[in-house]
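K.L.:
Provided below: protein.cif, containing mmCIF, C-alpha atoms.
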data_run
#
loop_
_atom_site.label_atom_id
_atom_site.label_comp_id
_atom_site.auth_asym_id
_atom_site.auth_seq_id
_atom_site.Cartn_x
_atom_site.Cartn_y
_atom_site.Cartn_z
CA MET A 1 0.00 0.00 0.00
CA GLN A 2 2.85 2.45 -0.66
CA ASP A 3 1.25 5.58 -2.00
CA ASP A 4 3.61 7.57 -4.17
CA THR A 5 1.07 10.23 -5.01
CA ASP A 6 1.29 11.79 -1.58
CA ASN A 7 4.34 13.94 -2.28
CA GLY A 8 3.02 17.45 -1.80
CA ALA A 9 4.25 19.84 0.83
CA ARG A 10 2.88 19.19 4.28
CA PRO A 11 3.88 19.80 7.86
CA VAL A 12 7.14 18.13 8.78
CA ASP A 13 6.42 14.78 10.41
CA PRO A 14 7.75 15.68 13.84
CA ASP A 15 7.72 12.24 15.37
CA PRO A 16 10.88 10.43 16.32
CA PRO A 17 11.65 7.17 14.53
CA ASN A 18 10.88 4.15 16.66
CA ASP A 19 14.14 2.59 15.52
CA TYR A 20 16.52 4.71 17.60
CA PRO A 21 19.10 2.50 19.31
CA ASP A 22 20.59 5.29 21.45
CA TYR A 23 17.45 4.80 23.52
CA VAL A 24 18.26 1.27 24.60
CA GLY A 25 14.64 0.38 25.36
CA THR A 26 13.85 0.58 21.64
CA ARG A 27 16.25 -2.19 20.66
CA LEU A 28 13.93 -5.11 21.35
CA ARG A 29 10.69 -3.20 21.01
CA ALA A 30 10.87 -0.99 17.93
CA PRO A 31 9.21 -2.67 14.94
CA LYS A 32 11.70 -3.37 12.13
CA GLN A 33 9.29 -4.09 9.28
CA PRO A 34 8.21 -1.09 7.23
CA LEU A 35 4.92 0.43 8.33
CA VAL A 36 1.97 -0.02 6.00
CA ILE A 37 0.20 3.22 5.08
CA LEU A 38 -3.49 3.09 5.97
CA PRO A 39 -5.97 4.88 3.76
CA HIS A 40 -8.04 7.32 5.76
CA THR A 41 -11.45 5.79 6.29
CA LEU A 42 -14.00 6.29 9.04
CA SER A 43 -11.84 4.02 11.20
CA GLU A 44 -9.07 6.62 11.16
CA LEU A 45 -11.14 9.79 10.93
CA THR A 46 -13.19 8.97 14.00
CA GLY A 47 -11.69 8.38 17.42
CA PRO A 48 -12.34 8.20 21.11
CA ALA A 49 -13.23 11.29 23.07
CA TYR A 50 -14.02 12.16 26.59
CA GLY A 51 -16.01 15.30 26.51
CA ASP A 52 -19.02 15.06 28.73
CA GLY A 53 -17.64 17.50 31.27
CA LYS A 54 -17.50 15.05 34.11
CA ILE A 55 -13.93 15.66 35.15
CA ASP A 56 -13.63 16.81 38.75
CA PRO A 57 -11.95 20.24 38.66
CA LEU A 58 -9.72 19.05 41.50
CA ALA A 59 -8.31 16.35 39.22
CA GLY A 60 -6.21 19.09 37.67
CA ASP A 61 -4.61 20.04 40.98
CA LEU A 62 -1.95 17.48 41.80
CA THR A 63 -1.10 19.30 45.04
CA ARG A 64 -4.49 18.67 46.62
CA GLN A 65 -5.02 14.95 46.28
CA HIS A 66 -3.86 13.97 49.75
CA ALA A 67 -4.15 15.11 53.35
CA GLY A 68 -1.11 17.35 53.16
CA GLU A 69 0.74 19.35 50.55
CA PRO A 70 3.48 17.68 48.51
CA LEU A 71 7.04 18.90 48.90
CA GLY A 72 8.64 20.76 46.02
CA GLU A 73 8.37 23.83 43.89
CA ARG A 74 4.71 24.58 43.20
CA ILE A 75 4.01 25.35 39.54
CA VAL A 76 1.11 26.14 37.23
CA VAL A 77 1.24 24.41 33.84
CA THR A 78 -1.21 25.66 31.28
CA GLY A 79 -1.57 26.02 27.54
CA ARG A 80 -3.82 25.59 24.56
CA VAL A 81 -4.63 22.49 22.59
CA LEU A 82 -4.86 23.45 18.93
CA GLY A 83 -5.40 21.85 15.57
CA SER A 84 -2.70 22.44 12.96
CA ASP A 85 -5.00 25.13 11.55
CA GLY A 86 -4.59 27.04 14.81
CA ARG A 87 -8.15 26.47 15.98
CA PRO A 88 -8.66 25.57 19.63
CA ILE A 89 -9.87 22.09 20.50
CA ARG A 90 -12.57 22.30 23.13
CA GLY A 91 -13.53 19.69 25.69
CA GLN A 92 -10.33 17.74 25.09
CA LEU A 93 -9.21 15.39 27.82
CA VAL A 94 -5.60 16.00 28.87
CA GLU A 95 -4.04 13.34 31.10
CA VAL A 96 -0.68 13.91 32.81
CA TRP A 97 1.67 11.96 35.04
CA GLN A 98 5.06 12.71 36.53
CA ALA A 99 7.71 12.02 39.15
CA ASN A 100 7.67 13.83 42.49
CA ALA A 101 10.05 16.65 43.38
CA ALA A 102 12.74 14.15 44.32
CA GLY A 103 12.58 12.39 40.97
CA ARG A 104 10.63 9.34 42.14
CA TYR A 105 7.44 7.93 40.63
CA ALA A 106 4.70 6.52 42.83
CA HIS A 107 5.03 3.22 40.96
CA ALA A 108 6.28 -0.17 42.19
CA VAL A 109 8.72 -0.48 39.29
CA ASP A 110 10.59 2.71 40.21
CA THR A 111 13.44 1.75 42.52
CA HIS A 112 15.39 5.01 42.36
CA ASP A 113 16.87 5.75 45.77
CA ALA A 114 14.90 8.93 46.33
CA PRO A 115 12.02 9.44 48.73
CA LEU A 116 8.39 8.89 47.89
CA ASP A 117 6.11 11.71 48.93
CA PRO A 118 2.98 10.50 50.75
CA ASN A 119 1.20 13.63 49.56
CA PHE A 120 1.95 13.20 45.89
CA THR A 121 0.64 10.62 43.41
CA GLY A 122 1.69 12.53 40.31
CA ALA A 123 -1.40 11.99 38.15
CA GLY A 124 -3.85 14.58 36.90
CA ARG A 125 -6.46 15.18 34.25
CA ALA A 126 -8.33 18.16 32.91
CA LEU A 127 -10.62 19.14 30.06
CA THR A 128 -9.85 22.06 27.78
CA ASP A 129 -12.23 25.02 27.93
CA ASP A 130 -13.87 26.88 25.05
CA ASP A 131 -10.53 28.44 24.11
CA GLY A 132 -8.78 25.08 24.14
CA VAL A 133 -7.03 25.93 27.42
CA TYR A 134 -6.10 23.31 30.00
CA ARG A 135 -4.56 24.08 33.39
CA PHE A 136 -2.75 22.03 36.01
CA VAL A 137 -1.32 22.91 39.40
CA THR A 138 1.50 20.60 40.40
CA ILE A 139 5.05 20.55 41.71
CA LYS A 140 8.11 20.62 39.49
CA PRO A 141 9.23 17.03 38.90
CA GLY A 142 12.80 16.05 39.75
CA SER A 143 15.35 14.51 37.41
CA TYR A 144 16.15 10.85 37.90
CA PRO A 145 18.71 8.30 36.74
CA TRP A 146 17.50 5.65 34.29
CA LYS A 147 20.39 3.31 33.42
CA ASN A 148 20.12 3.85 29.64
CA HIS A 149 23.86 4.48 29.56
CA TYR A 150 26.53 5.40 32.09
CA ASN A 151 25.32 8.27 34.28
CA ALA A 152 22.08 8.71 32.33
CA TRP A 153 19.58 11.12 33.87
CA ARG A 154 16.23 12.15 32.46
CA PRO A 155 15.56 15.87 32.13
CA GLN A 156 12.66 17.05 34.26
CA HIS A 157 9.45 16.26 32.43
CA ILE A 158 5.69 15.78 32.67
CA HIS A 159 4.00 13.10 30.54
CA PHE A 160 0.97 14.25 28.52
CA SER A 161 -1.69 12.15 26.79
CA LEU A 162 -4.41 13.45 24.43
CA PHE A 163 -6.86 11.81 22.05
CA GLY A 164 -7.02 14.62 19.51
CA ARG A 165 -10.14 14.65 17.33
CA ALA A 166 -9.56 11.38 15.52
CA PHE A 167 -7.72 8.08 15.80
CA THR A 168 -4.95 9.61 13.66
CA GLU A 169 -4.38 12.40 16.18
CA ARG A 170 -3.66 10.34 19.29
CA LEU A 171 -0.67 11.86 21.06
CA VAL A 172 1.43 10.83 24.03
CA THR A 173 4.36 13.13 24.66
CA GLN A 174 6.49 14.77 27.34
CA MET A 175 6.77 18.41 28.36
CA TYR A 176 10.18 19.68 29.38
CA PHE A 177 11.43 22.77 31.21
CA PRO A 178 13.51 25.63 29.83
CA GLY A 179 17.22 25.66 30.56
CA ASP A 180 17.46 22.02 31.59
CA PRO A 181 21.09 20.97 30.94
CA LEU A 182 20.05 17.33 30.60
CA LEU A 183 18.11 17.93 27.36
CA GLU A 184 21.32 17.95 25.32
CA ILE A 185 22.25 14.46 26.46
CA ASP A 186 18.83 12.85 26.64
CA PRO A 187 18.28 10.29 23.86
CA ILE A 188 14.51 10.39 24.22
CA TYR A 189 14.39 14.14 23.64
CA GLN A 190 17.14 13.98 21.00
CA SER A 191 15.31 11.26 19.06
CA ILE A 192 13.20 14.02 17.50
CA ARG A 193 15.23 14.98 14.46
CA ASP A 194 13.76 18.38 13.68
CA GLU A 195 15.16 21.03 16.02
CA LYS A 196 12.05 23.19 16.02
CA ALA A 197 9.84 20.20 16.71
CA ARG A 198 12.13 19.18 19.55
CA GLU A 199 12.10 22.64 21.08
CA SER A 200 8.31 22.74 20.90
CA LEU A 201 8.32 20.27 23.80
CA ILE A 202 10.05 22.78 26.06
CA SER A 203 7.56 24.80 28.06
CA MET A 204 8.04 28.55 28.44
CA PHE A 205 8.44 30.21 31.78
CA ASP A 206 5.79 32.93 31.89
CA LEU A 207 5.78 35.66 34.51
CA GLU A 208 2.17 36.47 33.63
CA LEU A 209 1.11 32.98 34.62
CA THR A 210 3.23 33.14 37.73
CA GLU A 211 1.18 33.85 40.82
CA PRO A 212 2.83 36.12 43.43
CA GLU A 213 3.84 34.42 46.66
CA TRP A 214 2.43 31.13 45.36
CA ALA A 215 3.58 29.39 42.15
CA LEU A 216 5.75 29.74 39.02
CA GLY A 217 3.91 29.58 35.70
CA TYR A 218 4.86 27.55 32.63
CA ARG A 219 3.12 27.61 29.26
CA PHE A 220 2.93 24.57 27.01
CA ASP A 221 0.80 24.63 23.87
CA ILE A 222 0.03 21.36 22.08
CA VAL A 223 -0.79 20.96 18.39
CA VAL A 224 -2.49 17.80 17.20
CA GLY A 225 -3.30 16.86 13.64
CA GLY A 226 -3.38 14.13 11.06
CA ARG A 227 0.23 13.61 10.18
CA ASN A 228 -0.28 11.94 6.87
CA ALA A 229 -3.56 13.47 5.85
CA THR A 230 -4.31 15.01 2.49
CA PRO A 231 -1.15 16.71 1.25
CA LEU A 232 -1.23 20.46 1.52
CA LYS A 233 -0.33 21.77 -1.92
CA ASP A 234 -1.47 25.34 -1.53
CA HIS A 235 1.53 26.94 0.06
CA MET B 1 1.25 27.51 6.94
CA PRO B 2 -0.07 24.80 9.24
CA LEU B 3 1.27 24.87 12.77
CA GLN B 4 4.08 22.49 13.63
CA LEU B 5 2.57 19.37 15.17
CA THR B 6 3.68 18.42 18.66
CA PRO B 7 5.98 15.40 18.43
CA SER B 8 5.44 12.10 20.21
CA GLN B 9 7.59 10.86 23.08
CA THR B 10 7.54 7.48 24.77
CA ALA B 11 4.88 6.83 27.41
CA GLY B 12 7.70 5.29 29.47
CA PRO B 13 7.51 2.60 32.13
CA TYR B 14 5.19 4.45 34.49
CA LEU B 15 2.20 5.08 32.23
CA LYS B 16 0.01 3.17 34.65
CA ILE B 17 0.10 6.09 37.09
CA GLY B 18 -1.52 8.46 34.67
CA LEU B 19 -3.48 6.37 32.22
CA LEU B 20 -4.65 3.16 33.85
CA ARG B 21 -7.04 4.57 36.37
CA GLU B 22 -10.78 4.60 36.75
CA LEU B 23 -11.67 6.61 33.65
CA PHE B 24 -11.33 3.86 31.06
CA GLY B 25 -11.12 0.10 31.22
CA PRO B 26 -11.03 -3.14 29.28
CA GLU B 27 -14.77 -3.87 29.28
CA LEU B 28 -16.55 -2.03 26.46
CA VAL B 29 -19.65 -4.05 27.35
CA ALA B 30 -20.52 -6.16 30.38
CA PRO B 31 -19.27 -9.74 30.09
CA ASP B 32 -22.88 -11.02 30.16
CA ALA B 33 -24.14 -8.53 27.56
CA PRO B 34 -25.71 -10.00 24.41
CA GLY B 35 -23.03 -10.56 21.78
CA ALA B 36 -20.15 -9.99 24.19
CA ILE B 37 -16.83 -11.37 22.96
CA ARG B 38 -13.43 -11.60 24.61
CA ILE B 39 -10.27 -10.57 22.78
CA LYS B 40 -7.12 -11.58 24.58
CA GLY B 41 -3.45 -11.75 23.79
CA VAL B 42 0.07 -10.99 24.87
CA VAL B 43 2.47 -8.25 23.87
CA LEU B 44 5.92 -9.68 23.07
CA ASP B 45 9.27 -8.05 22.33
CA GLY B 46 11.88 -9.01 19.76
CA ALA B 47 13.32 -11.69 22.05
CA GLY B 48 9.87 -13.24 22.44
CA ASP B 49 9.67 -12.03 26.02
CA PRO B 50 6.46 -10.61 27.42
CA VAL B 51 6.16 -6.83 27.65
CA PRO B 52 4.71 -6.24 31.12
CA ASP B 53 4.51 -2.46 31.04
CA ALA B 54 2.53 -1.73 27.87
CA MET B 55 -0.86 -0.15 27.42
CA VAL B 56 -3.23 -1.37 24.71
CA GLU B 57 -6.13 0.76 23.49
CA ILE B 58 -8.89 -0.31 21.12
CA TRP B 59 -11.28 1.84 19.10
CA GLN B 60 -14.10 0.31 17.11
CA ALA B 61 -17.52 0.69 15.54
CA ASN B 62 -20.56 -0.82 17.22
CA ALA B 63 -22.23 -4.03 16.11
CA ALA B 64 -24.07 -2.14 13.38
CA GLY B 65 -20.82 -0.69 12.01
CA ARG B 66 -21.27 2.84 13.32
CA TYR B 67 -18.63 4.81 15.20
CA ALA B 68 -19.70 6.87 18.20
CA HIS B 69 -18.14 9.99 16.74
CA PRO B 70 -19.52 13.06 14.94
CA ALA B 71 -17.54 12.29 11.77
CA ASP B 72 -19.64 9.15 11.30
CA THR B 73 -22.79 10.75 9.93
CA ARG B 74 -24.53 7.57 8.71
CA GLU B 75 -27.71 8.20 10.60
CA ASP B 76 -29.44 5.19 9.10
CA LEU B 77 -27.26 3.05 11.34
CA PRO B 78 -28.15 2.90 15.04
CA LEU B 79 -25.96 4.40 17.73
CA ASP B 80 -25.96 2.66 21.05
CA GLY B 81 -25.59 5.31 23.72
CA SER B 82 -23.97 2.93 26.15
CA PHE B 83 -21.31 1.79 23.69
CA ALA B 84 -18.46 4.29 23.38
CA GLY B 85 -16.29 1.96 21.30
CA PHE B 86 -13.14 2.68 23.30
CA GLY B 87 -11.21 0.50 25.72
CA ARG B 88 -7.88 0.71 27.43
CA THR B 89 -5.90 -1.76 29.50
CA GLY B 90 -2.38 -2.41 30.73
CA THR B 91 -0.35 -5.55 30.28
CA GLU B 92 0.81 -7.33 33.41
CA ASP B 93 3.62 -9.72 34.29
CA GLU B 94 3.06 -12.15 31.44
CA GLY B 95 2.40 -9.37 28.94
CA ARG B 96 -1.26 -10.32 28.86
CA PHE B 97 -4.21 -8.09 28.00
CA GLU B 98 -7.89 -8.83 27.54
CA PHE B 99 -10.90 -6.85 26.36
CA VAL B 100 -14.61 -7.60 26.49
CA THR B 101 -16.45 -6.03 23.58
CA VAL B 102 -18.79 -6.78 20.69
CA LYS B 103 -17.81 -7.64 17.16
CA PRO B 104 -17.99 -4.43 15.11
CA GLY B 105 -20.03 -4.26 11.95
CA PRO B 106 -18.38 -3.42 8.62
CA VAL B 107 -17.48 0.19 7.87
CA PRO B 108 -16.86 1.72 4.46
CA GLY B 109 -13.41 1.65 2.88
CA PRO B 110 -11.67 4.28 0.76
CA ASP B 111 -13.80 3.53 -2.30
CA GLY B 112 -17.05 3.23 -0.36
CA ARG B 113 -17.13 -0.55 -0.45
CA PRO B 114 -17.24 -2.18 2.98
CA GLN B 115 -14.10 -3.08 4.84
CA ALA B 116 -14.04 -6.33 6.74
CA PRO B 117 -14.98 -5.90 10.41
CA HIS B 118 -11.97 -4.75 12.37
CA VAL B 119 -10.88 -3.25 15.67
CA ASN B 120 -8.31 -0.43 15.64
CA VAL B 121 -5.47 -0.91 18.10
CA SER B 122 -2.81 1.39 19.59
CA VAL B 123 0.05 0.09 21.71
CA PHE B 124 2.12 2.30 24.01
CA ALA B 125 5.18 1.29 26.02
CA ARG B 126 8.62 2.13 27.24
CA GLY B 127 10.86 1.67 24.21
CA LEU B 128 8.24 2.94 21.75
CA LEU B 129 9.01 6.57 20.96
CA LYS B 130 5.67 6.71 19.17
CA HIS B 131 2.79 4.35 19.78
CA VAL B 132 2.25 1.64 17.20
CA VAL B 133 -1.04 1.05 15.42
CA THR B 134 -2.50 -2.18 14.15
CA ARG B 135 -5.89 -3.75 13.40
CA ILE B 136 -7.63 -6.88 14.63
CA TYR B 137 -9.60 -8.74 11.96
CA PHE B 138 -11.93 -11.65 12.64
CA PRO B 139 -11.27 -15.30 11.73
CA ASP B 140 -14.91 -16.03 10.84
CA GLU B 141 -14.90 -13.41 8.06
CA GLU B 142 -12.87 -15.19 5.41
CA ALA B 143 -14.71 -13.77 2.42
CA ALA B 144 -14.81 -10.23 3.81
CA ASN B 145 -11.15 -10.44 4.82
CA ALA B 146 -10.19 -11.61 1.31
CA ALA B 147 -11.98 -8.59 -0.16
CA ASP B 148 -10.75 -6.09 2.42
CA PRO B 149 -8.76 -3.27 0.80
CA VAL B 150 -6.22 -3.01 3.62
CA LEU B 151 -5.62 -6.74 4.11
CA SER B 152 -5.46 -7.44 0.39
CA SER B 153 -2.90 -4.67 -0.11
CA ILE B 154 -0.42 -6.60 2.05
CA ALA B 155 1.47 -9.02 -0.18
CA ASP B 156 3.19 -11.14 2.45
CA PRO B 157 0.84 -13.87 3.75
CA GLY B 158 2.46 -13.89 7.19
CA ALA B 159 2.15 -10.13 7.54
CA ARG B 160 -1.50 -10.41 6.53
CA ALA B 161 -2.15 -13.29 8.91
CA SER B 162 -0.66 -11.29 11.80
CA LEU B 163 -3.74 -9.06 11.62
CA VAL B 164 -6.32 -11.83 11.96
CA ALA B 165 -7.26 -13.04 15.44
CA GLN B 166 -7.58 -16.75 16.14
CA GLU B 167 -10.34 -18.69 17.84
CA ASP B 168 -9.12 -19.80 21.24
CA GLY B 169 -11.45 -21.58 23.61
CA GLY B 170 -14.42 -19.26 23.27
CA ALA B 171 -12.29 -16.15 23.04
CA LEU B 172 -10.34 -14.51 20.26
CA ARG B 173 -6.59 -14.52 20.53
CA PHE B 174 -4.55 -11.64 19.13
CA ASP B 175 -0.89 -11.53 20.08
CA ILE B 176 1.10 -8.40 19.38
CA ARG B 177 4.72 -9.05 18.41
CA LEU B 178 6.61 -5.78 18.35
CA GLN B 179 9.62 -7.20 16.53
CA GLY B 180 11.05 -10.38 15.04
CA ASP B 181 10.27 -12.93 12.31
CA ARG B 182 6.59 -12.92 13.09
CA GLN B 183 6.26 -9.22 13.81
CA THR B 184 2.71 -7.91 13.81
CA THR B 185 1.97 -5.63 10.88
CA PHE B 186 1.84 -2.01 12.01
CA PHE B 187 0.40 0.95 10.17
CA VAL B 188 1.10 4.59 9.55
CA VAL B 189 -2.09 6.51 10.18
#
Spell out the structure here as structure tokens.
P.N.:
Amino acid sequence: MQDDTDNGARPVDPDPPNDYPDYVGTRLRAPKQPLVILPHTLSELTGPAYGDGKIDPLAGDLTRQHAGEPLGERIVVTGRVLGSDGRPIRGQLVEVWQANAAGRYAHAVDTHDAPLDPNFTGAGRALTDDDGVYRFVTIKPGSYPWKNHYNAWRPQHIHFSLFGRAFTERLVTQMYFPGDPLLEIDPIYQSIRDEKARESLISMFDLELTEPEWALGYRFDIVVGGRNATPLKDH
Amino acid sequence: MPLQLTPSQTAGPYLKIGLLRELFGPELVAPDAPGAIRIKGVVLDGAGDPVPDAMVEIWQANAAGRYAHPADTREDLPLDGSFAGFGRTGTEDEGRFEFVTVKPGPVPGPDGRPQAPHVNVSVFARGLLKHVVTRIYFPDEEAANAADPVLSSIADPGARASLVAQEDGGALRFDIRLQGDRQTTFFVV
């Protein structure tokens, strides 16, 4: 099903290749056979959604899920979810998860010698509003070692998951923080070949989002779209 | 100019914290619902070892072949309000996953002719920088499978067969092999 007609200009496919041996976890998991191109039918142009407004507003505040407050640097993370045409996507479910301030996940598999925080699970969800805006309150996640190579440490990051508007738009990604020295040596981040696409995963510190005497603000906009949709030949 | 799309990154080993909670689950219908079927399988890596930290999602039409989505405007086909068509589950120690759902009806293909019934699948895991996509076809649909535009576009019989579930003791078995001689066929969407 190779389709040679689809050679018009279109947005750069920003996704990293699955076959990327610098990230050791790919070596036995990345498919080696060429991917088959699916025609876009209703199976691809429809997709799951979660838009009935039944998300508890507190689910977006990761600092208020337990009896006490988690330790760490309190932050606000907010941004817009947009289509590639720049239009906001409303009612979109955004799911996030992250390590605590010490760089430890509340997960049995994580054995990093850093403390768990009894007041931090590290999971949140929110729906976008009419302007496509989501908002989380959380604490800044710590870096942690991950054994990919000698002295390998992950840059601080928050995992994001979104459905988009169709099966083709499903996105799981990671948001990073500006100025993190570990980005330059992180194979997961560096697996994205296009520099601009890579840098789009780095949130922006924003003094306007920062709340005095309370929390630093970071902005992270997310663009979802059909990567291999109809070629755009008009620009 | 279209905006630059946000790139994918791996879901990593701790996806369970964020994604495998109460919101979604593996039962699209109750196990005792009329027409309920079980689809089960394992996710395996290139060494044939189970992948215990993956997440499998399925998206499908209802039994009449209609998707619960505004882009499916075929109003002559019934929508079942209780059937969202989406399920999500994690794999555990043996790499196993299992869904309870109904067999989807056929949906139109690129030329308007029906595709064989199929379930759309996404797999996320540590080691996958972008999730992989495949389809589950049904073993009791030989004629429809033979005429299906996607299946029949795949020349290699083994690659084609990797997309068809197998009957297995009252359930359907669909193993997902990420790599290796018998790798599951994956798609670009």
K.L.:
What is the CA of Val51 in chain B to CA of Gly95 in chain B distance in Å?
P.N.:
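Answer for the CA of Val51 in chain B to CA of Gly95 in chain B separation: 4.7 Å.
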K.L.:
Selected by the PyMOL selection byres ((chain B and resi 119) around 6) in the shown coordinates: which residues, as a PyMOL selection string?
P.N.:
chain B and resi 60+118+120+135-136
K.L.:
Smallest atom-to-atom distance to Asp175 in chain B: which of B:Ala33, B:Ile58, B:Leu20, B:Val43, using all atoms listed in the file?
P.N.:
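Closest residue, counting all atoms listed in the file: B:Val43.
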K.L.:
Please evaluate the PyMOL selection byres ((chain A and resi 135) around 6) against the displayed coordinates and give the resulting residues as a PyMOL selection string.
P.N.:
chain A and resi 77-78+134+136
K.L.:
Go ahead and save the residues from that selection, with C-alpha atoms, as a JSON list (two decimals), keeping the file's coordinate frame.
P.N.:
[["chain", "number", "residue", "atom", "x", "y", "z"],
["A", 77, "VAL", "CA", 1.24, 24.41, 33.84],
["A", 78, "THR", "CA", -1.21, 25.66, 31.28],
["A", 134, "TYR", "CA", -6.10, 23.31, 30.00],
["A", 136, "PHE", "CA", -2.75, 22.03, 36.01]]
K.L.:
Distance cut-off 7 Å, counting only C-alpha atoms - which residues of chain A neighbour chain B? Return them as a ChimeraX atom specification.
P.N.:
/A:1,11,14-18,25-26,28-32,35-42,45-48,84-86,95-97,107,123-124,168,171-174,197,200,222-225,228,235
K.L.:
For those residues, write C-alpha atoms to a file as an mmCIF file, in the coordinates of the input.
P.N.:
data_model
loop_
_atom_site.group_PDB
_atom_site.id
_atom_site.type_symbol
_atom_site.label_atom_id
_atom_site.label_comp_id
_atom_site.auth_asym_id
_atom_site.auth_seq_id
_atom_site.Cartn_x
_atom_site.Cartn_y
_atom_site.Cartn_z
ATOM 1 C CA MET A 1 0.000 0.000 0.000
ATOM 2 C CA PRO A 11 3.880 19.800 7.860
ATOM 3 C CA PRO A 14 7.750 15.680 13.840
ATOM 4 C CA ASP A 15 7.720 12.240 15.370
ATOM 5 C CA PRO A 16 10.880 10.430 16.320
ATOM 6 C CA PRO A 17 11.650 7.170 14.530
ATOM 7 C CA ASN A 18 10.880 4.150 16.660
ATOM 8 C CA GLY A 25 14.640 0.380 25.360
ATOM 9 C CA THR A 26 13.850 0.580 21.640
ATOM 10 C CA LEU A 28 13.930 -5.110 21.350
ATOM 11 C CA ARG A 29 10.690 -3.200 21.010
ATOM 12 C CA ALA A 30 10.870 -0.990 17.930
ATOM 13 C CA PRO A 31 9.210 -2.670 14.940
ATOM 14 C CA LYS A 32 11.700 -3.370 12.130
ATOM 15 C CA LEU A 35 4.920 0.430 8.330
ATOM 16 C CA VAL A 36 1.970 -0.020 6.000
ATOM 17 C CA ILE A 37 0.200 3.220 5.080
ATOM 18 C CA LEU A 38 -3.490 3.090 5.970
ATOM 19 C CA PRO A 39 -5.970 4.880 3.760
ATOM 20 C CA HIS A 40 -8.040 7.320 5.760
ATOM 21 C CA THR A 41 -11.450 5.790 6.290
ATOM 22 C CA LEU A 42 -14.000 6.290 9.040
ATOM 23 C CA LEU A 45 -11.140 9.790 10.930
ATOM 24 C CA THR A 46 -13.190 8.970 14.000
ATOM 25 C CA GLY A 47 -11.690 8.380 17.420
ATOM 26 C CA PRO A 48 -12.340 8.200 21.110
ATOM 27 C CA SER A 84 -2.700 22.440 12.960
ATOM 28 C CA ASP A 85 -5.000 25.130 11.550
ATOM 29 C CA GLY A 86 -4.590 27.040 14.810
ATOM 30 C CA GLU A 95 -4.040 13.340 31.100
ATOM 31 C CA VAL A 96 -0.680 13.910 32.810
ATOM 32 C CA TRP A 97 1.670 11.960 35.040
ATOM 33 C CA HIS A 107 5.030 3.220 40.960
ATOM 34 C CA ALA A 123 -1.400 11.990 38.150
ATOM 35 C CA GLY A 124 -3.850 14.580 36.900
ATOM 36 C CA THR A 168 -4.950 9.610 13.660
ATOM 37 C CA LEU A 171 -0.670 11.860 21.060
ATOM 38 C CA VAL A 172 1.430 10.830 24.030
ATOM 39 C CA THR A 173 4.360 13.130 24.660
ATOM 40 C CA GLN A 174 6.490 14.770 27.340
ATOM 41 C CA ALA A 197 9.840 20.200 16.710
ATOM 42 C CA SER A 200 8.310 22.740 20.900
ATOM 43 C CA ILE A 222 0.030 21.360 22.080
ATOM 44 C CA VAL A 223 -0.790 20.960 18.390
ATOM 45 C CA VAL A 224 -2.490 17.800 17.200
ATOM 46 C CA GLY A 225 -3.300 16.860 13.640
ATOM 47 C CA ASN A 228 -0.280 11.940 6.870
ATOM 48 C CA HIS A 235 1.530 26.940 0.060
#
K.L.:
List the spatial neighbours of Gln92 in chain A as a PDB file with C-alpha atoms, in the coordinates of the input - criterion: any atom at most 8 Å away, all atoms listed in the file, same-chain residues fewer than 2 positions off excluded.
P.N.:
ATOM      1  CA  ALA A  49     -13.230  11.290  23.070  1.00  0.00           C
ATOM      2  CA  TYR A  50     -14.020  12.160  26.590  1.00  0.00           C
ATOM      3  CA  GLY A  51     -16.010  15.300  26.510  1.00  0.00           C
ATOM      4  CA  VAL A  81      -4.630  22.490  22.590  1.00  0.00           C
ATOM      5  CA  ILE A  89      -9.870  22.090  20.500  1.00  0.00           C
ATOM      6  CA  ARG A  90     -12.570  22.300  23.130  1.00  0.00           C
ATOM      7  CA  VAL A  94      -5.600  16.000  28.870  1.00  0.00           C
ATOM      8  CA  LEU A 127     -10.620  19.140  30.060  1.00  0.00           C
ATOM      9  CA  THR A 128      -9.850  22.060  27.780  1.00  0.00           C
ATOM     10  CA  GLY A 132      -8.780  25.080  24.140  1.00  0.00           C
ATOM     11  CA  LEU A 162      -4.410  13.450  24.430  1.00  0.00           C
ATOM     12  CA  PHE A 163      -6.860  11.810  22.050  1.00  0.00           C
ATOM     13  CA  GLY A 164      -7.020  14.620  19.510  1.00  0.00           C
TER      14      GLY A 164
END
K.L.:
With distances taken over only C-alpha atoms, which residue among B:Gly35, B:Gly65, B:Pro78, B:Gly25 lies nearest Gly90 in chain B?
P.N.:
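Distance minimum relative to Gly90 in chain B lands on B:Gly25.
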K.L.:
Since I can't run it myself right now, could you work out what the PyMOL selection byres ((chain A and resi 64-68) around 10) selects here and report it as JSON, numbers by chain?
P.N.:
{"A": [58, 59, 60, 61, 62, 63, 69, 70, 71, 118, 119, 120, 121, 122, 123, 124, 137, 138]}
K.L.:
Taking C-alpha atoms for each residue, export the selection above as a short mmCIF file (atom, residue, chain, number, x, y, z; two decimals), in the frame of the given file.
P.N.:
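Produced file result15.cif, reproduced below:
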data_model
loop_
_atom_site.label_atom_id
_atom_site.label_comp_id
_atom_site.auth_asym_id
_atom_site.auth_seq_id
_atom_site.Cartn_x
_atom_site.Cartn_y
_atom_site.Cartn_z
CA LEU A 58 -9.72 19.05 41.50
CA ALA A 59 -8.31 16.35 39.22
CA GLY A 60 -6.21 19.09 37.67
CA ASP A 61 -4.61 20.04 40.98
CA LEU A 62 -1.95 17.48 41.80
CA THR A 63 -1.10 19.30 45.04
CA GLU A 69 0.74 19.35 50.55
CA PRO A 70 3.48 17.68 48.51
CA LEU A 71 7.04 18.90 48.90
CA PRO A 118 2.98 10.50 50.75
CA ASN A 119 1.20 13.63 49.56
CA PHE A 120 1.95 13.20 45.89
CA THR A 121 0.64 10.62 43.41
CA GLY A 122 1.69 12.53 40.31
CA ALA A 123 -1.40 11.99 38.15
CA GLY A 124 -3.85 14.58 36.90
CA VAL A 137 -1.32 22.91 39.40
CA THR A 138 1.50 20.60 40.40
#
